[in-house]
$ cat final.csv   # CSV, C-alpha atoms
chain,number,residue,atom,x,y,z
T,26,MET,CA,8.9,-1.9,-14.8
T,27,ALA,CA,6.6,-1.3,-17.8
T,28,GLU,CA,6.8,2.2,-19.3
T,29,SER,CA,4.1,4.6,-20.4
T,30,GLU,CA,4.8,7.0,-23.3
T,31,GLY,CA,6.0,10.5,-22.2
T,32,SER,CA,7.8,13.5,-23.5
T,33,ASN,CA,11.4,14.9,-23.6
T,34,GLY,CA,12.7,11.6,-24.8
T,35,VAL,CA,12.3,10.1,-21.3
T,36,GLN,CA,9.7,7.4,-21.0
T,37,PHE,CA,7.2,8.5,-18.3
T,38,PHE,CA,6.4,6.0,-15.6
T,39,GLU,CA,3.6,6.4,-13.0
T,40,GLY,CA,5.2,5.4,-9.7
T,41,VAL,CA,2.0,6.1,-7.7
T,42,GLU,CA,0.4,2.8,-6.7
T,43,LYS,CA,-3.2,1.6,-6.5
T,44,LEU,CA,-3.4,-0.3,-3.2
T,45,LEU,CA,-6.1,-2.9,-2.6
T,46,GLU,CA,-6.5,-4.7,0.8
T,47,ILE,CA,-9.3,-7.1,1.5
T,48,TRP,CA,-10.1,-9.1,4.7
T,49,PHE,CA,-12.2,-12.2,4.4
T,50,THR,CA,-14.3,-14.1,6.9
T,51,ARG,CA,-17.2,-16.7,6.9
T,52,THR,CA,-20.8,-15.9,7.6
T,53,ASP,CA,-21.1,-18.9,10.0
T,54,GLY,CA,-18.0,-17.8,11.9
T,55,ASN,CA,-16.3,-21.1,11.3
T,56,SER,CA,-13.2,-20.0,9.5
T,57,LYS,CA,-10.4,-22.0,11.3
T,58,GLN,CA,-9.8,-24.2,8.2
T,59,CYS,CA,-10.0,-21.3,5.7
T,60,ASP,CA,-6.8,-19.9,4.2
T,61,LEU,CA,-6.1,-17.6,1.2
T,62,ARG,CA,-2.7,-19.3,0.8
T,63,ASN,CA,-4.5,-22.4,-0.4
T,64,ILE,CA,-5.2,-20.6,-3.7
T,65,PRO,CA,-2.7,-22.3,-6.2
T,66,ARG,CA,0.2,-20.2,-7.4
T,67,GLN,CA,-0.8,-20.8,-11.0
T,68,LYS,CA,-4.3,-19.3,-10.3
T,69,LEU,CA,-2.7,-16.2,-8.7
T,70,GLU,CA,-0.4,-15.8,-11.7
T,71,SER,CA,-3.5,-15.9,-14.0
T,72,LEU,CA,-5.1,-13.3,-11.8
T,73,LEU,CA,-2.1,-11.0,-12.1
T,74,LYS,CA,-2.3,-11.3,-16.0
T,75,ILE,CA,-5.7,-9.5,-15.7
T,76,VAL,CA,-3.9,-6.8,-13.6
T,77,ARG,CA,-1.2,-6.6,-16.2
T,78,CYS,CA,1.8,-7.6,-14.1
T,79,GLU,CA,3.7,-10.8,-13.1
T,80,VAL,CA,5.6,-12.4,-10.2
T,81,ILE,CA,9.3,-11.7,-10.2
T,82,SER,CA,10.2,-13.2,-6.8
T,83,PHE,CA,8.7,-14.8,-3.7
T,84,ILE,CA,9.4,-15.3,0.0
T,85,HIS,CA,7.3,-16.6,2.8
T,86,ASN,CA,7.1,-17.6,6.4
T,87,ASP,CA,4.4,-19.2,8.6
T,88,GLN,CA,2.2,-16.1,8.5
T,89,VAL,CA,2.5,-14.5,5.1
T,90,ASP,CA,3.4,-15.1,1.4
T,91,ALA,CA,5.2,-12.1,-0.1
T,92,TYR,CA,5.5,-11.6,-3.9
T,93,VAL,CA,7.6,-8.9,-5.6
T,94,LEU,CA,5.8,-8.1,-8.9
T,95,SER,CA,6.9,-6.5,-12.1
T,96,GLU,CA,4.8,-3.6,-10.8
T,97,SER,CA,5.2,-3.5,-7.0
T,98,SER,CA,3.9,-6.2,-4.6
T,99,MET,CA,1.3,-8.8,-3.4
T,100,PHE,CA,0.9,-10.2,0.1
T,101,VAL,CA,-1.3,-13.2,0.9
T,102,ALA,CA,-1.9,-14.1,4.6
T,103,ARG,CA,-4.5,-16.4,6.0
T,104,ARG,CA,-7.4,-14.0,5.6
T,105,ARG,CA,-5.9,-10.8,4.3
T,106,PHE,CA,-5.1,-10.1,0.6
T,107,ILE,CA,-3.0,-7.1,-0.4
T,108,LEU,CA,-2.3,-6.1,-4.0
T,109,LYS,CA,-0.2,-2.9,-4.6
T,110,THR,CA,0.5,-2.1,-8.2
T,111,CYS,CA,2.0,0.9,-10.0
T,112,GLY,CA,2.3,2.0,-13.7
T,113,THR,CA,-0.8,1.4,-15.8
T,114,THR,CA,-1.9,-1.8,-14.0
T,115,THR,CA,-5.6,-2.6,-13.5
T,116,PRO,CA,-6.0,-4.2,-10.0
T,117,LEU,CA,-9.8,-3.6,-9.7
T,118,GLN,CA,-10.3,-5.6,-12.9
T,119,CYS,CA,-9.3,-8.8,-10.9
T,120,LEU,CA,-12.0,-8.4,-8.2
T,121,LYS,CA,-14.5,-10.8,-9.7
T,122,PRO,CA,-12.1,-13.6,-10.4
T,123,LEU,CA,-10.4,-13.1,-7.0
T,124,MET,CA,-13.8,-13.6,-5.2
T,125,LEU,CA,-14.4,-16.8,-7.1
T,126,LEU,CA,-10.9,-18.1,-6.2
T,127,VAL,CA,-11.3,-17.2,-2.6
T,128,GLU,CA,-14.6,-19.1,-2.4
T,129,GLN,CA,-13.3,-22.1,-4.3
T,130,TYR,CA,-9.9,-22.6,-2.7
T,131,ALA,CA,-9.8,-20.6,0.5
T,132,GLY,CA,-13.2,-21.4,1.9
T,133,PHE,CA,-14.2,-17.9,2.9
T,134,ASP,CA,-17.7,-16.7,1.8
T,135,GLU,CA,-17.8,-13.1,3.0
T,136,VAL,CA,-15.7,-9.9,2.8
T,137,GLU,CA,-15.2,-8.4,6.2
T,138,ASP,CA,-13.4,-5.2,5.1
T,139,VAL,CA,-12.0,-3.5,2.0
T,140,PHE,CA,-9.5,-0.7,1.6
T,141,TYR,CA,-8.7,0.7,-1.8
T,142,SER,CA,-6.5,3.8,-1.8
T,143,ARG,CA,-4.1,5.8,-4.0
T,144,LYS,CA,-2.5,9.2,-4.2
T,145,ASN,CA,-3.5,11.4,-7.2
T,146,PHE,CA,-1.7,10.3,-10.4
T,147,LYS,CA,0.8,12.5,-12.1
T,148,ARG,CA,-0.6,11.5,-15.5
T,149,PRO,CA,-4.2,10.1,-15.1
T,150,ASP,CA,-4.7,10.3,-18.8
T,151,LEU,CA,-2.3,7.4,-19.3
T,152,GLN,CA,-4.2,5.1,-17.0
T,153,MET,CA,-6.5,2.3,-18.2
T,154,ASN,CA,-10.2,1.9,-17.4
T,155,PRO,CA,-11.4,2.2,-14.6
T,156,HIS,CA,-8.4,4.0,-13.2
T,157,GLN,CA,-8.5,7.3,-15.1
T,158,ALA,CA,-10.8,8.8,-12.5
T,159,PHE,CA,-11.6,8.0,-8.9
T,160,GLU,CA,-15.3,8.2,-9.7
T,161,GLN,CA,-15.0,5.3,-12.2
T,162,GLU,CA,-13.1,3.2,-9.6
T,163,VAL,CA,-15.8,3.9,-7.0
T,164,ALA,CA,-18.5,2.9,-9.4
T,165,LEU,CA,-16.8,-0.4,-10.0
T,166,LEU,CA,-16.2,-1.0,-6.3
T,167,ASP,CA,-19.8,-0.1,-5.5
T,168,SER,CA,-20.9,-2.9,-7.9
T,169,PHE,CA,-19.2,-5.4,-5.5
T,170,PHE,CA,-19.8,-3.9,-2.0
T,171,LYS,CA,-23.0,-2.5,-0.7
T,172,ASP,CA,-21.5,-0.6,2.3
T,173,GLY,CA,-18.8,1.2,0.4
T,174,ALA,CA,-17.9,4.8,1.2
T,175,ALA,CA,-15.5,7.0,-0.8
T,176,TYR,CA,-13.3,9.8,0.5
T,177,CYS,CA,-10.7,12.3,-0.8
T,178,LEU,CA,-8.3,13.7,1.7
T,179,GLY,CA,-5.9,16.6,1.1
T,180,THR,CA,-6.1,19.4,-1.5
T,181,VAL,CA,-7.9,18.2,-4.6
T,182,ASN,CA,-6.1,20.7,-6.9
T,183,ARG,CA,-2.6,19.6,-5.7
T,184,ASP,CA,-1.6,16.6,-3.6
T,185,CYS,CA,-4.5,14.4,-2.4
T,186,TRP,CA,-5.2,10.8,-1.4
T,187,TYR,CA,-8.3,8.8,-2.3
T,188,LEU,CA,-9.8,6.1,-0.1
T,189,TYR,CA,-12.7,3.6,-0.6
T,190,THR,CA,-13.6,1.5,2.4
T,191,LEU,CA,-16.6,-0.2,4.0
T,192,ASN,CA,-18.5,1.9,6.5
T,193,PRO,CA,-21.6,0.0,7.3
T,194,LEU,CA,-24.5,1.1,9.6
T,195,GLU,CA,-24.2,0.0,13.2
T,196,GLY,CA,-26.6,-2.9,13.0
T,197,ASP,CA,-24.9,-4.4,9.9
T,198,ASN,CA,-21.5,-3.8,11.4
T,199,LYS,CA,-22.2,-6.0,14.4
T,200,LYS,CA,-23.0,-8.9,12.1
T,201,ARG,CA,-19.8,-8.4,10.1
T,202,HIS,CA,-17.4,-8.1,13.0
T,203,ARG,CA,-17.7,-10.8,15.6
T,204,GLY,CA,-15.9,-10.5,18.9
T,205,ILE,CA,-12.8,-8.3,19.4
T,206,PRO,CA,-10.9,-7.5,16.2
T,207,GLU,CA,-7.3,-8.6,15.9
T,208,PRO,CA,-4.9,-5.6,16.3
T,209,ASP,CA,-4.2,-4.1,12.9
T,210,GLN,CA,-2.4,-1.0,11.7
T,211,THR,CA,-0.8,0.4,8.5
T,212,LEU,CA,1.7,3.2,8.0
T,213,GLU,CA,2.2,4.6,4.5
T,214,ILE,CA,4.6,7.3,3.4
T,215,LEU,CA,4.2,8.4,-0.3
T,216,MET,CA,7.1,10.6,-1.3
T,217,SER,CA,7.7,12.8,-4.4
T,218,ASP,CA,10.5,15.1,-5.6
T,219,LEU,CA,13.3,13.1,-4.2
T,220,ASP,CA,17.0,13.8,-3.8
T,221,PRO,CA,18.7,12.9,-7.2
T,222,GLU,CA,21.8,11.6,-5.4
T,223,VAL,CA,19.7,9.2,-3.4
T,224,MET,CA,17.7,8.2,-6.4
T,225,ALA,CA,20.9,7.4,-8.4
T,226,ILE,CA,21.5,4.5,-6.0
T,227,PHE,CA,18.5,2.8,-7.6
T,228,THR,CA,20.0,2.7,-11.1
T,229,ARG,CA,22.2,0.0,-12.7
T,230,GLU,CA,24.8,2.7,-13.3
T,231,GLU,CA,25.3,3.2,-9.5
T,232,SER,CA,24.4,-0.2,-8.1
T,233,SER,CA,25.4,-3.6,-9.6
T,234,SER,CA,22.6,-5.5,-7.7
T,235,ALA,CA,19.5,-5.0,-5.6
T,236,ALA,CA,21.4,-6.1,-2.5
T,237,GLU,CA,23.9,-3.3,-3.1
T,238,ALA,CA,21.2,-0.7,-3.5
T,239,THR,CA,19.5,-2.0,-0.3
T,240,GLN,CA,22.7,-1.7,1.7
T,241,LYS,CA,23.9,1.6,0.2
T,242,SER,CA,20.6,3.4,0.7
T,243,GLY,CA,20.2,2.1,4.3
T,244,ILE,CA,16.9,0.4,3.5
T,245,GLU,CA,17.9,-2.7,5.5
T,246,LYS,CA,18.0,-0.5,8.7
T,247,LEU,CA,14.5,1.1,8.4
T,248,VAL,CA,12.7,-1.8,10.1
T,249,PRO,CA,15.2,-4.2,11.7
T,250,ASN,CA,14.9,-8.0,11.7
T,251,MET,CA,13.1,-8.4,8.4
T,252,MET,CA,13.8,-11.1,5.8
T,253,ILE,CA,14.4,-9.0,2.6
T,254,ASP,CA,13.5,-9.8,-1.0
T,255,ASP,CA,14.7,-7.0,-3.3
T,256,PHE,CA,14.9,-6.4,-7.0
T,257,LEU,CA,16.7,-3.8,-9.1
T,258,PHE,CA,15.2,-3.1,-12.5
T,259,GLU,CA,16.9,-2.4,-15.8
T,260,PRO,CA,18.0,0.4,-16.3
T,261,CYS,CA,16.5,1.8,-13.1
T,262,GLY,CA,13.8,1.3,-10.5
T,263,TYR,CA,13.7,-0.8,-7.3
T,264,SER,CA,11.2,-2.9,-5.3
T,265,MET,CA,11.5,-4.7,-2.0
T,266,ASN,CA,9.4,-6.7,0.4
T,267,GLY,CA,10.4,-7.5,3.9
T,268,ILE,CA,8.7,-9.9,6.3
T,269,SER,CA,9.2,-10.6,10.0
T,270,SER,CA,9.4,-14.2,11.2
T,271,LYS,CA,8.5,-13.0,14.7
T,272,ASN,CA,5.0,-11.6,14.0
T,273,GLY,CA,4.3,-11.9,10.3
T,274,CYS,CA,4.5,-8.2,9.7
T,275,TYR,CA,5.6,-6.8,6.4
T,276,MET,CA,7.2,-3.8,4.9
T,277,THR,CA,7.4,-2.8,1.2
T,278,ILE,CA,9.3,-0.1,-0.7
T,279,HIS,CA,9.1,0.9,-4.3
T,280,VAL,CA,11.3,3.4,-6.0
T,281,THR,CA,10.8,5.3,-9.3
T,282,PRO,CA,14.1,7.2,-9.5
T,283,GLU,CA,13.8,9.3,-12.7
T,284,PRO,CA,14.3,13.0,-11.8
T,285,ASP,CA,11.2,14.3,-13.8
T,286,PHE,CA,8.8,12.0,-11.9
T,287,SER,CA,10.7,10.6,-9.0
T,288,TYR,CA,8.5,8.8,-6.5
T,289,VAL,CA,9.0,6.4,-3.5
T,290,SER,CA,6.5,4.6,-1.4
T,291,PHE,CA,7.1,3.0,2.0
T,292,GLU,CA,4.4,0.8,3.7
T,293,SER,CA,4.5,-1.4,6.8
T,294,ASN,CA,2.1,-2.9,9.3
T,295,VAL,CA,4.7,-3.2,12.1
T,296,PRO,CA,2.9,-2.6,15.4
T,297,GLN,CA,4.3,0.4,17.3
T,298,ALA,CA,2.9,2.8,19.8
T,299,SER,CA,4.8,5.6,18.0
T,300,TYR,CA,5.8,5.8,14.3
T,301,LYS,CA,7.9,9.0,14.7
T,302,ASP,CA,11.3,7.2,14.6
T,303,VAL,CA,10.3,5.0,11.6
T,304,ILE,CA,9.0,8.0,9.7
T,305,SER,CA,12.2,10.0,10.5
T,306,ARG,CA,14.4,7.2,9.3
T,307,VAL,CA,12.5,6.9,6.1
T,308,LEU,CA,12.7,10.6,5.4
T,309,GLU,CA,16.4,10.7,6.2
T,310,THR,CA,17.0,7.8,3.8
T,311,PHE,CA,15.1,9.1,0.8
T,312,GLN,CA,15.1,12.9,1.3
T,313,PRO,CA,11.8,13.7,-0.4
T,314,GLY,CA,10.7,17.3,-1.4
T,315,LYS,CA,7.2,16.4,-0.2
T,316,PHE,CA,5.2,13.5,1.1
T,317,VAL,CA,1.8,12.2,2.0
T,318,LEU,CA,1.5,10.3,5.3
T,319,THR,CA,-1.3,7.9,6.3
T,320,VAL,CA,-1.8,5.9,9.4
T,321,PHE,CA,-4.6,3.4,9.9
T,322,ALA,CA,-5.1,1.7,13.3
T,323,ASN,CA,-8.0,-0.2,14.9
T,324,LYS,CA,-9.0,0.1,18.5
T,325,THR,CA,-6.9,-2.9,19.7
T,326,SER,CA,-3.7,-1.8,17.9
T,327,PRO,CA,-0.7,-0.5,19.8
T,328,ALA,CA,-0.8,2.3,17.3
T,329,ALA,CA,-4.2,3.4,18.4
T,330,GLU,CA,-2.8,6.6,20.0
T,331,CYS,CA,-0.9,7.6,16.8
T,332,PRO,CA,-3.4,10.2,15.6
T,333,ARG,CA,-2.9,12.3,18.8
T,334,GLU,CA,0.8,12.1,18.4
T,335,LEU,CA,0.7,13.1,14.7
T,336,GLU,CA,-1.6,16.0,15.6
T,337,LYS,CA,1.2,17.4,17.8
T,338,THR,CA,3.9,16.8,15.1
T,339,SER,CA,3.9,19.9,13.0
T,340,SER,CA,7.3,19.0,11.5
T,341,PHE,CA,9.8,16.3,11.0
T,342,GLY,CA,13.1,18.1,10.9
T,343,ASP,CA,13.1,20.1,7.6
T,344,TRP,CA,9.7,18.9,6.6
T,345,LEU,CA,6.8,21.1,7.6
T,346,ARG,CA,3.1,20.0,7.8
T,347,HIS,CA,0.7,21.8,5.6
T,348,ASP,CA,-2.4,19.7,6.1
T,349,ILE,CA,-3.7,17.1,8.6
T,350,GLN,CA,-7.1,15.3,8.5
T,351,TYR,CA,-8.6,12.7,10.8
T,352,CYS,CA,-11.3,10.2,10.0
T,353,ARG,CA,-13.0,7.8,12.4
T,354,PHE,CA,-14.5,4.7,10.7
T,355,LYS,CA,-16.5,1.9,12.4
T,356,ASN,CA,-13.4,-0.2,13.1
T,357,TYR,CA,-10.4,2.0,12.2
T,358,ASP,CA,-9.1,5.5,12.9
T,359,LEU,CA,-7.2,7.1,10.0
T,360,THR,CA,-4.8,10.1,10.0
T,361,TYR,CA,-3.8,11.8,6.8
T,362,ALA,CA,-1.1,14.5,6.7
T,363,PHE,CA,0.9,16.3,4.0
T,364,TYR,CA,4.4,17.7,4.6
T,365,SER,CA,6.9,19.4,2.4
T,366,LYS,CA,10.5,20.6,2.8
T,367,PHE,CA,10.9,24.3,3.3
T,368,PRO,CA,13.6,25.8,1.0
T,369,SER,CA,17.1,25.6,2.5

$ encode --input "final.csv" --output "structure tokens"
Amino acid sequence: MAESEGSNGVQFFEGVEKLLEIWFTRTDGNSKQCDLRNIPRQKLESLLKIVRCEVISFIHNDQVDAYVLSESSMFVARRRFILKTCGTTTPLQCLKPLMLLVEQYAGFDEVEDVFYSRKNFKRPDLQMNPHQAFEQEVALLDSFFKDGAAYCLGTVNRDCWYLYTLNPLEGDNKKRHRGIPEPDQTLEILMSDLDPEVMAIFTREESSSAAEATQKSGIEKLVPNMMIDDFLFEPCGYSMNGISSKNGCYMTIHVTPEPDFSYVSFESNVPQASYKDVISRVLETFQPGKFVLTVFANKTSPAAECPRELEKTSSFGDWLRHDIQYCRFKNYDLTYAFYSKFPS
């Protein structure tokens, strides 16, 4: 992974990712022949140059193409595009060329939904334009989307999470969403201050290969029956994508193990009525000092009841909840929560 300059002789790296997810449709409703996977690989690689990262590895099945990048991951499904990048990458700079590629090769002509989110950066001063401040990111997004709405959840002076999404007026919304939406959900766990012994697994000193790190850490057991594509960086750092052949679901994990700025992200859209077991397994695996938890679910998702469950979950073992917030958007419900470990 690319490094940013830092102090104490250790090169600082910003593990916190910028996450962009866009759903596409057609204004005439005739999108059966449309597919984002028709965009040529070479064109996607040129797009990633603008973002300042590159493809390291690739797996796919009938439902999704999954790319491990030099800085995190990209997932391309029929009508959903996900780009998740860490370090000093610039994902919002690729919006204009992406829209042109989508129209030219995939056949879609309208954006149905957008989600751009990130945790607060440890070193925002090292980011590149427009990512040094959320206000700058919002201004750029607003230049593309007329129904955009920006939010900040959590404590602004400590750990918080930013979100930009479309929240159109009722009348506009009916035009955009035809019929019953397909079930959709996303769980994200953004972890900081991790156990040094666990983090050591994700270094070349401790693991000779990505497969060894995946097996030693227990990552392969977090969401069973996933085809795993993993990569261990030099001298440290780890990324993995997993995709399910059964339903096209994905999971992705990224590890920045250096003790001064350790960070791990876990994300998956596996449909479950309860995420408690998955969350507990992730926490036991990585042992964070604190974490931000977000769950998105639309009305047709099996996870639609998750907000109520999380409201009742004031702790996960040693991790106590400090903060919980709930947002209802036109098509999705979102729960944000912040937990930290009480001193043992």

$ atom_distance --input "final.csv" --atom1 "atom CA of Arg148 of chain T" --atom2 "atom CA of Asp220 of chain T"
21.3 Å

$ closest_residue --input "final.csv" --among "T:Pro208, T:Phe256, T:Asn356, T:Thr180" --to "Val80 of chain T" --atoms "only C-alpha atoms"
T:Phe256

$ residues_around --input "final.csv" --residues "Ser234 of chain T" --least-positions-apart "3" --cutoff "12 Å" --atoms "only C-alpha atoms" --output "list in words"
Ile226, Phe227, Thr228, Arg229, Glu230, Glu231, Glu237, Ala238, Thr239, Gln240, Lys241, Asp255, Phe256, Leu257, Phe258, Glu259, Pro260, Cys261, Gly262, Tyr263 and Ser264 of chain T

$ residues_near_point --input "final.csv" --point "(1.6, -8.6, -15.2)" --cutoff "8 Å" --atoms "all atoms listed in the file" --output "ChimeraX atom specification"
/T:73-80,94-96,114

$ atom_distance --input "final.csv" --atom1 "atom CA of Leu359 of chain T" --atom2 "atom CA of Val320 of chain T"
5.6 Å

$ residues_around --input "final.csv" --residues "Phe367 of chain T" --least-positions-apart "3" --cutoff "8 Å" --atoms "all atoms listed in the file" --output "list in words"
Asp343, Trp344 and Leu345 of chain T

$ residues_around --input "final.csv" --residues "segment 327-338 of chain T" --least-positions-apart "5" --cutoff "7 Å" --atoms "all atoms listed in the file" --output "ChimeraX atom specification"
/T:210,296-299,322,360

$ closest_residue --input "final.csv" --among "T:Gly179, T:Gly40, T:Gly273, T:Gly314" --to "Ser217 of chain T" --atoms "only C-alpha atoms"
T:Gly314

$ atom_distance --input "final.csv" --atom1 "atom CA of Arg105 of chain T" --atom2 "atom CA of Asp134 of chain T"
13.4 Å

$ closest_atom_pairs --input "final.csv" --of "segment 340-359 of chain T" --to "segment 184-193 of chain T" --cutoff "12 Å" --atoms "only C-alpha atoms" --output "JSON lines"
{"residue": "T:His347", "atom": "CA", "partner": "T:Asp184", "partner_atom": "CA", "distance": 10.8}
{"residue": "T:Asp348", "atom": "CA", "partner": "T:Asp184", "partner_atom": "CA", "distance": 10.2}
{"residue": "T:Ile349", "atom": "CA", "partner": "T:Cys185", "partner_atom": "CA", "distance": 11.4}
{"residue": "T:Gln350", "atom": "CA", "partner": "T:Trp186", "partner_atom": "CA", "distance": 11.0}
{"residue": "T:Cys352", "atom": "CA", "partner": "T:Leu188", "partner_atom": "CA", "distance": 11.0}
{"residue": "T:Arg353", "atom": "CA", "partner": "T:Asn192", "partner_atom": "CA", "distance": 10.0}
{"residue": "T:Phe354", "atom": "CA", "partner": "T:Asn192", "partner_atom": "CA", "distance": 6.4}
{"residue": "T:Lys355", "atom": "CA", "partner": "T:Asn192", "partner_atom": "CA", "distance": 6.2}
{"residue": "T:Asn356", "atom": "CA", "partner": "T:Asn192", "partner_atom": "CA", "distance": 8.6}
{"residue": "T:Tyr357", "atom": "CA", "partner": "T:Asn192", "partner_atom": "CA", "distance": 9.9}
{"residue": "T:Asp358", "atom": "CA", "partner": "T:Asn192", "partner_atom": "CA", "distance": 11.9}
{"residue": "T:Leu359", "atom": "CA", "partner": "T:Leu188", "partner_atom": "CA", "distance": 10.5}

$ residues_near_point --input "final.csv" --point "(7.7, -12.8, -8.5)" --cutoff "6 Å" --atoms "only C-alpha atoms" --output "VMD selection string"
chain T and resid 80 to 83 92 to 94

$ residues_around --input "final.csv" --residues "Glu160 of chain T" --least-positions-apart "4" --cutoff "12 Å" --atoms "all atoms listed in the file" --output "PyMOL selection string"
chain T and resi 154-156+164-167+174-177+187-189

$ closest_residue --input "final.csv" --among "T:Glu70, T:Asp90, T:Glu222, T:Asp302" --to "Ile107 of chain T" --atoms "all atoms listed in the file"
T:Asp90

$ residues_around --input "final.csv" --residues "Ile244 of chain T" --least-positions-apart "4" --cutoff "12 Å" --atoms "only C-alpha atoms" --output "ChimeraX atom specification"
/T:223,226-227,235-240,248-251,253-255,263-267,276-280,291,303,306-311

$ write_last_selection --input "final.csv" --atoms "C-alpha atoms" --output "PDB file, in the coordinates of the input"
ATOM      1  CA  VAL T 223      19.700   9.200  -3.400  1.00  0.00           C
ATOM      2  CA  ILE T 226      21.500   4.500  -6.000  1.00  0.00           C
ATOM      3  CA  PHE T 227      18.500   2.800  -7.600  1.00  0.00           C
ATOM      4  CA  ALA T 235      19.500  -5.000  -5.600  1.00  0.00           C
ATOM      5  CA  ALA T 236      21.400  -6.100  -2.500  1.00  0.00           C
ATOM      6  CA  GLU T 237      23.900  -3.300  -3.100  1.00  0.00           C
ATOM      7  CA  ALA T 238      21.200  -0.700  -3.500  1.00  0.00           C
ATOM      8  CA  THR T 239      19.500  -2.000  -0.300  1.00  0.00           C
ATOM      9  CA  GLN T 240      22.700  -1.700   1.700  1.00  0.00           C
ATOM     10  CA  VAL T 248      12.700  -1.800  10.100  1.00  0.00           C
ATOM     11  CA  PRO T 249      15.200  -4.200  11.700  1.00  0.00           C
ATOM     12  CA  ASN T 250      14.900  -8.000  11.700  1.00  0.00           C
ATOM     13  CA  MET T 251      13.100  -8.400   8.400  1.00  0.00           C
ATOM     14  CA  ILE T 253      14.400  -9.000   2.600  1.00  0.00           C
ATOM     15  CA  ASP T 254      13.500  -9.800  -1.000  1.00  0.00           C
ATOM     16  CA  ASP T 255      14.700  -7.000  -3.300  1.00  0.00           C
ATOM     17  CA  TYR T 263      13.700  -0.800  -7.300  1.00  0.00           C
ATOM     18  CA  SER T 264      11.200  -2.900  -5.300  1.00  0.00           C
ATOM     19  CA  MET T 265      11.500  -4.700  -2.000  1.00  0.00           C
ATOM     20  CA  ASN T 266       9.400  -6.700   0.400  1.00  0.00           C
ATOM     21  CA  GLY T 267      10.400  -7.500   3.900  1.00  0.00           C
ATOM     22  CA  MET T 276       7.200  -3.800   4.900  1.00  0.00           C
ATOM     23  CA  THR T 277       7.400  -2.800   1.200  1.00  0.00           C
ATOM     24  CA  ILE T 278       9.300  -0.100  -0.700  1.00  0.00           C
ATOM     25  CA  HIS T 279       9.100   0.900  -4.300  1.00  0.00           C
ATOM     26  CA  VAL T 280      11.300   3.400  -6.000  1.00  0.00           C
ATOM     27  CA  PHE T 291       7.100   3.000   2.000  1.00  0.00           C
ATOM     28  CA  VAL T 303      10.300   5.000  11.600  1.00  0.00           C
ATOM     29  CA  ARG T 306      14.400   7.200   9.300  1.00  0.00           C
ATOM     30  CA  VAL T 307      12.500   6.900   6.100  1.00  0.00           C
ATOM     31  CA  LEU T 308      12.700  10.600   5.400  1.00  0.00           C
ATOM     32  CA  GLU T 309      16.400  10.700   6.200  1.00  0.00           C
ATOM     33  CA  THR T 310      17.000   7.800   3.800  1.00  0.00           C
ATOM     34  CA  PHE T 311      15.100   9.100   0.800  1.00  0.00           C
TER      35      PHE T 311
END

$ build_atoms --input "final.csv" --residues "segment 97-105 of chain T" --atoms "N, CA, C and O atoms" --output "mmCIF file, in the frame of the given file"
data_model
loop_
_atom_site.group_PDB
_atom_site.id
_atom_site.type_symbol
_atom_site.label_atom_id
_atom_site.label_comp_id
_atom_site.auth_asym_id
_atom_site.auth_seq_id
_atom_site.Cartn_x
_atom_site.Cartn_y
_atom_site.Cartn_z
ATOM 1 N N SER T 97 5.381 -3.612 -8.477
ATOM 2 C CA SER T 97 5.200 -3.500 -7.000
ATOM 3 C C SER T 97 4.976 -4.892 -6.322
ATOM 4 O O SER T 97 5.790 -5.789 -6.537
ATOM 5 N N SER T 98 3.906 -5.091 -5.507
ATOM 6 C CA SER T 98 3.900 -6.200 -4.600
ATOM 7 C C SER T 98 2.530 -6.827 -4.326
ATOM 8 O O SER T 98 1.502 -6.168 -4.491
ATOM 9 N N MET T 99 2.556 -8.080 -3.830
ATOM 10 C CA MET T 99 1.300 -8.800 -3.400
ATOM 11 C C MET T 99 1.673 -9.524 -2.098
ATOM 12 O O MET T 99 2.725 -10.161 -2.014
ATOM 13 N N PHE T 100 0.783 -9.430 -1.111
ATOM 14 C CA PHE T 100 0.900 -10.200 0.100
ATOM 15 C C PHE T 100 -0.313 -10.989 0.404
ATOM 16 O O PHE T 100 -1.426 -10.458 0.367
ATOM 17 N N VAL T 101 -0.125 -12.283 0.669
ATOM 18 C CA VAL T 101 -1.300 -13.200 0.900
ATOM 19 C C VAL T 101 -1.056 -13.802 2.305
ATOM 20 O O VAL T 101 -0.090 -14.549 2.517
ATOM 21 N N ALA T 102 -1.948 -13.475 3.240
ATOM 22 C CA ALA T 102 -1.900 -14.100 4.600
ATOM 23 C C ALA T 102 -3.167 -14.963 4.700
ATOM 24 O O ALA T 102 -3.879 -15.181 3.724
ATOM 25 N N ARG T 103 -3.431 -15.469 5.888
ATOM 26 C CA ARG T 103 -4.500 -16.400 6.000
ATOM 27 C C ARG T 103 -5.859 -15.816 5.556
ATOM 28 O O ARG T 103 -6.593 -16.423 4.791
ATOM 29 N N ARG T 104 -6.151 -14.574 5.997
ATOM 30 C CA ARG T 104 -7.400 -14.000 5.600
ATOM 31 C C ARG T 104 -7.319 -12.556 5.059
ATOM 32 O O ARG T 104 -8.309 -11.887 4.851
ATOM 33 N N ARG T 105 -6.081 -12.124 4.808
ATOM 34 C CA ARG T 105 -5.900 -10.800 4.300
ATOM 35 C C ARG T 105 -5.119 -10.851 2.954
ATOM 36 O O ARG T 105 -4.078 -11.506 2.840
#
